[in-house]
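This report concerns only the one structure given below.
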4 protein chains.
Amino acid sequence: MSAEITEDALALRPLKALTLGERVIDPQDIPWVPYEGHPGIFVKPLRLNRKTGVWANLTKVVGASQINRHYHVGPVTGYVLEGSWYYAEKDWVARAGMVVWEPPGDIHTLMSNEEGTVTLFILEGALLYVDEHDNVVGHDDVLSHMKLYVDYCASQGLEPVDLDY
Amino acid sequence: MSAEITEDALALRPLKALTLGERVIDPQDIPWVPYEGHPGIFVKPLRLNRKTGVWANLTKVVGASQINRHYHVGPVTGYVLEGSWYYAEKDWVARAGMVVWEPPGDIHTLMSNEEGTVTLFILEGALLYVDEHDNVVGHDDVLSHMKLYVDYCASQGLEPVDLDY
Amino acid sequence: MSAEITEDALALRPLKALTLGERVIDPQDIPWVPYEGHPGIFVKPLRLNRKTGVWANLTKVVGASQINRHYHVGPVTGYVLEGSWYYAEKDWVARAGMVVWEPPGDIHTLMSNEEGTVTLFILEGALLYVDEHDNVVGHDDVLSHMKLYVDYCASQGLEPVDLDY
Amino acid sequence: MSAEITEDALALRPLKALTLGERVIDPQDIPWVPYEGHPGIFVKPLRLNRKTGVWANLTKVVGASQINRHYHVGPVTGYVLEGSWYYAEKDWVARAGMVVWEPPGDIHTLMSNEEGTVTLFILEGALLYVDEHDNVVGHDDVLSHMKLYVDYCASQGLEPVDLDY
């Protein structure tokens with residue numbers, strides 16, 4: 001008796017024609033964009049998905065600086081690649097290699113010391129910047145970061161990378 | 001020749017012990033909560049996930065009313081169960097049975113006529129209510145709707161259903 | 001003293017140019033597609049997002065039938081629109097109006113009785129159909145349902161609606 | 001004239017009581033878990049969310065090795081932290097610093113050369129390992145990786161970190 005070999009029992013092969021292409025992003029093709037209103041802070045966008053509202057970037061803080069106090073309307077995950085940072089409102093320090101996840105509703109002020117930091121942030125929804133009276137004075141989401149990126153590229157004569165994936 | 005029967009070739013069985021329980025929600029156990037600042041509008045929350053920021057509810061509009069103009073910082077999907085509604089800013093009508101998906105950044109004012117509507121909405125992130133000068137004058141997200149629901153239950157002597165799934 | 005009116009303090013207006021268009025889906029434009037291998041069961045796809053892997057459909061079960069036992073590799077949410085159904089493995093019945101959420105890893109067999117059902121299902125990831133030995137004998141995900149839909153439209157001379165949103 | 005200061009105009013303050021706590025994960029508290037069936041490959045789980053099916057880990061490949069050919073039923077994003085890798089089926093190389101996003105349906109075999117790699121992977125749904133006949137011979141998802149992690153901790157007398165966030 002000869003065994004018959006089954007081929008593609010779950011019918012995955014025909015799906016290949018419907019699969020989208022992958023995306024390979026080289027951050028060297030993307031500039032460090034000055035983060036307006038935040039001296040010493042730069043963002044390098046890696047993803048700007050206008051359908052899901054998910055956005056990711058490398059955030060670089062040069063020396064002792066801060067990202068102003070803000071309220072998150074969606075979750076955010078940070079992977080510290082270099083240096084360290086902390087929140088003025090919390091009692092831990094995020095050092096290189098560590099992962100921080102913050103739920104919707106978290107309010108905090110990101111602080112760095114002299115060593116600065118480079119951190120990969122993955123965000124959903126928006127940041128609402130709040131002043132000392134807890135009034136909302138600024139806003140960032142996937143669209144404002146796309147605008148920041150596209151405008152900066154235009155000012156520098158750069159062609160923006162398509163990050164809407 | 002006796003065929004040997006393979007059992008659980010992909011090793012799914014041992015995963016059962018790690019699988020969470022399912023959730024079965026009966027909307028009859030949840031009140032119609034008056035939507036503050038919006039006469040004639042009621043929400044029945046069905047999901048309030050504080051980790052992902054995803055929230056879902058039945059929104060009931062009684063007669064001709066409106067949900068004030070707002071900016072979405074995440075996507076929203078609506079399934080019209082009864083009646084109809086439209087956006088003051090668009091040229092289509094969402095009727096019973098139809099599905100509407102709106103991307104982050106969409107700004108609109110939901111309007112109903114005499115028949116009103118009941119629509120299932122699934123939202124991520126937040127609504128930012130904007131006035132005629134496009135200044136943000138209100139905010140709704142998973143947490144504000146949880147507060148709305150819990151406070152209303154307290155005022156009515158009801159035990160809130162756990163919707164954080 | 002004349003008050004100065006602030007306009008667009010959070011700078012939402014310029015984002016309008018970057019916002020994608022909304023999608024309005026009328027299920028009347030989409031056929032009931034026979035669900036292969038499942039007599040008496042039809043699906044009307046409403047969303048087939050090939051980037052996120054999220055898919056949604058109306059599932060219609062005519063009379064007493066079943067959707068074969070399967071393992072979920074992502075969460076699924078069901079909103080019962082008509083009739084009722086239950087899982088052979090559980091002790092509750094999902095009736096019109098109710099919401100069911102199932103976590104990754106849940107294994108179950110959907111059963112209906114004579115009244116049948118129409119249920120809105122929103123799925124992420126895949127279903128792995130399993131036989132009585134818990135071996136995987138079938139597979140469904142966003143791509144297999146796109147293929148099911150596109151192939152059926154071709155066989156009927158219909159133009160498929162773009163559901164990749 | 002005394003200006004009146006508005007406090008918390010959007011009513012964010014009362015939401016603080018409903019906000020969940022953040023999570024700070026130090027990978028030093030998590031072992032490199034040998035990836036069964038894959039000599040030279042280790043995973044350090046960072047997130048295992050049993051509700052959403054999202055899982056993340058650091059994947060370390062020591063020297064020239066491979067992660068067997070598999071089909072993705074959800075999207076995956078990789079951030080290369082050290083070294084490099086490539087897919088046998090594609091014509092690009094993922095080097096340190098680069099980002100790779102793969103859509104549902106992608107089939108590929110991850111290959112490394114002598115330098116090996118450490119890559120942060122964020123996954124949704126499952127990997128279905130396929131043999132040369134495209135039959136599914138293995139499976140990995142959030143639950144199988146939780147089992148892998150918990151079992152390994154038990155074998156080493158370690159207390160597993162709660163990664164279900």
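Going by the structure tokens order, chains are called A, B, ..., each with residues numbered from 1, while ligands are numbered from 1 in the order shown.
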Practice problem: Please identify all polymer residues within 12 Å of Val80 (chain B), counting only C-alpha atoms, omitting same-chain residues fewer than 4 positions from it, and present them as a PyMOL selection string. | Solution: (chain B and resi 57-61+84-86+93-101+116-122) or (chain C and resi 24-27+81+120)
Produce a table with one row for each residue of chain A that has an atom at most 7 Å from any atom of chain C, each row naming the nearest atom pair and its distance in Å at one decimal; use only C-alpha atoms; arrange rows by chain and rising residue number; format as CSV.
residue,atom,partner,partner_atom,distance
A:Leu10,CA,C:Gly138,CA,5.3
A:Leu15,CA,C:Leu143,CA,6.1
A:Leu18,CA,C:Leu143,CA,6.5
A:Leu20,CA,C:Arg50,CA,6.9
A:Arg50,CA,C:Leu20,CA,6.9
A:Val137,CA,C:Leu10,CA,6.7
A:Gly138,CA,C:Leu10,CA,5.3
A:His139,CA,C:Leu10,CA,5.9
A:Leu143,CA,C:Leu15,CA,6.1
A:Ser144,CA,C:Leu15,CA,6.5
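As for CA of Leu123 (chain C) and CA of Val73 (chain D), they are spaced 11.6 Å apart.
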Quiz item: as a ChimeraX atom specification, which residues of chain D does DSSP assign to strand (DSSP E)?
Solution: /D:23-25,33-34,41-48,54-61,66-72,76-87,93-95,99-102,107-111,117-124,127-130,136-140
Quiz prompt | Residue with smallest distance to Gln66 (chain A) - pool A:Glu159, A:Asp134, A:Glu114, A:Asp151, counting only C-alpha atoms | solution =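 Looking only at the distances to Gln66 (chain A), the closest residue turns out to be A:Glu114.
Note that the spacing between CA of Ile107 (chain A) and CA of His70 (chain A) amounts to 5.4 Å.
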Exercise. Please measure the separation of CA of Tyr35 (chain D) and CA of Ala56 (chain D), giving the value in Å to one decimal.
Key: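 For CA of Tyr35 (chain D) relative to CA of Ala56 (chain D), the distance reads 14.3 Å.
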Practice problem: For Val33 (chain B), please output as a PyMOL selection string all residues within 9 Å (counting only C-alpha atoms; exclusion window: fewer than 4 positions along the same chain). | Solution: chain B and resi 41-45+148-149+152-153
Self-check item: Ile67 (chain D) surroundings by only C-alpha atoms, 7 Å radius, close-in-sequence under 5 positions cut, as a ChimeraX atom specification
Solution: /D:38,109-111
Deliver the residues from the most recent selection as a file, using N, CA, C and O atoms, as an mmCIF file, in the first residue's frame.
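Saved the output as again.cif:
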data_model
loop_
_atom_site.group_PDB
_atom_site.id
_atom_site.type_symbol
_atom_site.label_atom_id
_atom_site.label_comp_id
_atom_site.auth_asym_id
_atom_site.auth_seq_id
_atom_site.Cartn_x
_atom_site.Cartn_y
_atom_site.Cartn_z
ATOM 1 N N HIS D 38 12.930 24.075 18.343
ATOM 2 C CA HIS D 38 13.751 25.055 17.633
ATOM 3 C C HIS D 38 15.088 25.238 18.362
ATOM 4 O O HIS D 38 15.249 26.187 19.133
ATOM 5 N N THR D 109 9.825 31.684 6.518
ATOM 6 C CA THR D 109 10.765 30.935 7.351
ATOM 7 C C THR D 109 11.834 31.912 7.800
ATOM 8 O O THR D 109 12.551 32.465 6.965
ATOM 9 N N LEU D 110 11.916 32.154 9.100
ATOM 10 C CA LEU D 110 12.907 33.112 9.587
ATOM 11 C C LEU D 110 14.284 32.453 9.664
ATOM 12 O O LEU D 110 14.446 31.399 10.286
ATOM 13 N N MET D 111 15.265 33.081 9.031
ATOM 14 C CA MET D 111 16.623 32.536 8.962
ATOM 15 C C MET D 111 17.588 33.545 9.563
ATOM 16 O O MET D 111 17.470 34.753 9.330
#
Quiz item: Running DSSP on the backbone, which parts of region 13-76 of chain A land in helix (DSSP H, G or I), as number ranges by chain?
Solution: A: 13-18, 27-29
Self-check item: Selected residue, from B:Asp29, B:Asn49, B:Arg23, B:His133, that lies nearest to Lys90 (chain C) when counting only C-alpha atoms
Solution: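 Answer, going by the shortest atom-to-atom distance: B:Arg23.
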